[in-house]
Amino acid sequence: MRWDDHRVVITAAGRDFGRTLALRLADLGAEVFLSARHLAAAQRVRDEIRDRGHQRVHAFACDLAEPASIRDFASGVAERTNRVDVLINNGSRYLTGPDLLSATDADVVDTIASGATGTVLTTKSFLPLLLNSDKPDVVTMVSACGTPGHHRSDAHDAFYAAKSAQTGFTEILSKRLRAQGVRVISLYPPDFVNADPLSEEWETTPRAAEDALTAQSLVECILFAVAQPRDCFIKAFHFEQV
């Protein structure tokens with residue numbers, strides 16, 4: 001599937017899996033609107049994409065823990081396009097440490113704000129542009145930590161709280177936006193291998209049954225879900241953990 005007619009917003013695209021998504025979707029022809037907490041990080045990925053010959057890419061600063069920053073991001077995108085076809089909620093601060101007392105109050109607030117409040121407000125801010133599309137999809141990278149009973153991660157309790165909030169939000173959003181043609185797709189991966197898509201590792205990372213989940217497979221899940229006919233609402237991808 002080519003994405004030449006898709007305009008895609010990706011949060012937290014300055015590094016890790018957000019960068020992977022930005023690079024891969026740009027390679028498929030999408031026009032990409034990417035954000036990072038610090039503008040310089042977003043601009044670095046924008047320049048990497050342009051160096052690969054893709055000029056339809058735009059970089060923005062967006063702190064998902066700050067409502068005004070989210071509004072500014074959406075306004076900046078709206079100045080450049082009248083629609084968004086795919087919003088990828090990738091941003092969420094990771095906080096490690098299975099001991100509740102190991103994190104400061106500020107760390108807890110920032111983790112929950114970026115993952116929970118940030119996801120809600122980003123979706124709210126971009127919804128008008130999504131409703132201008134004839135193929136609107138909201139894709140949210142949740143985590144296995146957002147599934148009931150999960151306890152295998154070393155993530156902090158606040159991260160679990162943020163991911164559980166994302167689960168509740170996307171569940172109700174899927175039902176309430178269906179009448180408007182908006183599909184809400186959530187992914188619940190465990191820890192996964194995120195090879196640099198510009199390195200040889202991207203092609204050589206093992207992907208057998210005994211291996212850990214890879215970023216390649218996660219990208220392919222997103223491509224598969226978005227490529228389905230509009231009557232096909234794939235709500236969630238859940239994965240076995242090695």
# chains A, B, ... in the order shown; residues from 1 in each chain; ligands from 1
call {"tool": "residues_around", "arguments": {"residues": "Leu131 of chain A", "least_positions_apart": "5", "cutoff": "10 Å", "atoms": "only C-alpha atoms", "output": "list of chain:residue names"}}
result
A:Arg83, A:Val84, A:Asp85, A:Phe126, A:Pro136, A:Asp137, A:Leu177, A:Gln180, A:Gly181, A:Val182
call {"tool": "residues_around", "arguments": {"residues": "Gly14 of chain A", "least_positions_apart": "3", "cutoff": "6 Å", "atoms": "only C-alpha atoms", "output": "number ranges by chain"}}
result
A: 19, 36, 41-42
call {"tool": "atom_distance", "arguments": {"atom1": "atom CA of Ser186 of chain A", "atom2": "atom CA of Val9 of chain A"}}
result
15.6 Å
call {"tool": "atom_distance", "arguments": {"atom1": "atom CA of Val120 of chain A", "atom2": "atom CA of Pro67 of chain A"}}
result
10.2 Å
call {"tool": "residues_around", "arguments": {"residues": "segment 152-162 of chain A", "least_positions_apart": "5", "cutoff": "12 Å", "atoms": "only C-alpha atoms", "output": "ChimeraX atom specification"}}
result
/A:65,91-120,141-147,167-169,189-192,241-242
call {"tool": "decode", "arguments": {"residues": "segment 34-45 of chain A", "atoms": "all heavy atoms", "output": "CSV table (one decimal), in the first residue's frame"}}
result
chain,number,residue,atom,x,y,z
A,34,LEU,N,5.3,15.9,12.0
A,34,LEU,CA,5.8,15.2,13.1
A,34,LEU,C,6.1,16.2,14.3
A,34,LEU,O,6.5,17.4,14.0
A,34,LEU,CB,7.0,14.4,12.8
A,34,LEU,CG,8.2,15.1,12.2
A,34,LEU,CD1,9.3,15.5,13.2
A,34,LEU,CD2,8.9,14.3,11.1
A,35,SER,N,6.0,15.7,15.5
A,35,SER,CA,6.3,16.6,16.6
A,35,SER,C,7.2,15.9,17.6
A,35,SER,O,7.4,14.7,17.6
A,35,SER,CB,5.0,17.0,17.4
A,35,SER,OG,4.5,15.9,18.1
A,36,ALA,N,7.9,16.7,18.4
A,36,ALA,CA,8.7,16.3,19.5
A,36,ALA,C,8.6,17.3,20.6
A,36,ALA,O,8.3,18.5,20.3
A,36,ALA,CB,10.2,16.0,19.1
A,37,ARG,N,9.0,16.9,21.8
A,37,ARG,CA,8.9,17.9,22.9
A,37,ARG,C,9.8,19.1,22.6
A,37,ARG,O,9.5,20.2,22.9
A,37,ARG,CB,9.3,17.2,24.2
A,37,ARG,CG,9.3,18.2,25.4
A,37,ARG,CD,9.5,17.5,26.7
A,37,ARG,NE,8.3,16.8,27.1
A,37,ARG,CZ,8.1,16.3,28.3
A,37,ARG,NH1,9.0,16.4,29.3
A,37,ARG,NH2,7.0,15.7,28.6
A,38,HIS,N,11.0,18.8,22.0
A,38,HIS,CA,11.9,19.9,21.6
A,38,HIS,C,12.0,20.0,20.1
A,38,HIS,O,12.2,19.0,19.4
A,38,HIS,CB,13.3,19.6,22.2
A,38,HIS,CG,13.3,19.5,23.7
A,38,HIS,ND1,13.1,20.6,24.5
A,38,HIS,CD2,13.5,18.4,24.5
A,38,HIS,CE1,13.1,20.2,25.8
A,38,HIS,NE2,13.4,18.9,25.8
A,39,LEU,N,11.8,21.2,19.6
A,39,LEU,CA,11.7,21.4,18.1
A,39,LEU,C,13.0,20.8,17.4
A,39,LEU,O,12.8,20.3,16.3
A,39,LEU,CB,11.6,22.9,17.8
A,39,LEU,CG,11.5,23.3,16.3
A,39,LEU,CD1,10.3,22.6,15.7
A,39,LEU,CD2,11.4,24.8,16.2
A,40,ALA,N,14.1,21.0,18.0
A,40,ALA,CA,15.4,20.5,17.4
A,40,ALA,C,15.3,19.0,17.1
A,40,ALA,O,15.8,18.6,16.0
A,40,ALA,CB,16.6,20.8,18.2
A,41,ALA,N,14.7,18.2,18.0
A,41,ALA,CA,14.6,16.8,17.7
A,41,ALA,C,13.7,16.5,16.5
A,41,ALA,O,14.0,15.6,15.7
A,41,ALA,CB,14.1,16.1,19.0
A,42,ALA,N,12.6,17.2,16.5
A,42,ALA,CA,11.7,17.0,15.3
A,42,ALA,C,12.3,17.5,14.0
A,42,ALA,O,12.2,16.8,13.0
A,42,ALA,CB,10.4,17.8,15.5
A,43,GLN,N,13.1,18.5,14.1
A,43,GLN,CA,13.8,19.0,12.9
A,43,GLN,C,14.8,18.0,12.4
A,43,GLN,O,15.0,17.9,11.2
A,43,GLN,CB,14.4,20.4,13.1
A,43,GLN,CG,13.3,21.5,13.3
A,43,GLN,CD,13.9,22.8,13.7
A,43,GLN,OE1,14.9,22.8,14.4
A,43,GLN,NE2,13.3,23.9,13.3
A,44,ARG,N,15.5,17.4,13.3
A,44,ARG,CA,16.5,16.4,12.9
A,44,ARG,C,15.9,15.2,12.1
A,44,ARG,O,16.4,14.8,11.1
A,44,ARG,CB,17.2,15.8,14.1
A,44,ARG,CG,18.3,16.7,14.7
A,44,ARG,CD,19.2,15.9,15.7
A,44,ARG,NE,18.5,15.5,16.8
A,44,ARG,CZ,18.3,16.2,18.0
A,44,ARG,NH1,18.8,17.4,18.1
A,44,ARG,NH2,17.7,15.6,19.0
A,45,VAL,N,14.7,14.8,12.6
A,45,VAL,CA,14.0,13.7,11.8
A,45,VAL,C,13.5,14.2,10.5
A,45,VAL,O,13.5,13.6,9.5
A,45,VAL,CB,12.9,13.1,12.7
A,45,VAL,CG1,12.1,12.0,11.9
A,45,VAL,CG2,13.5,12.5,14.0
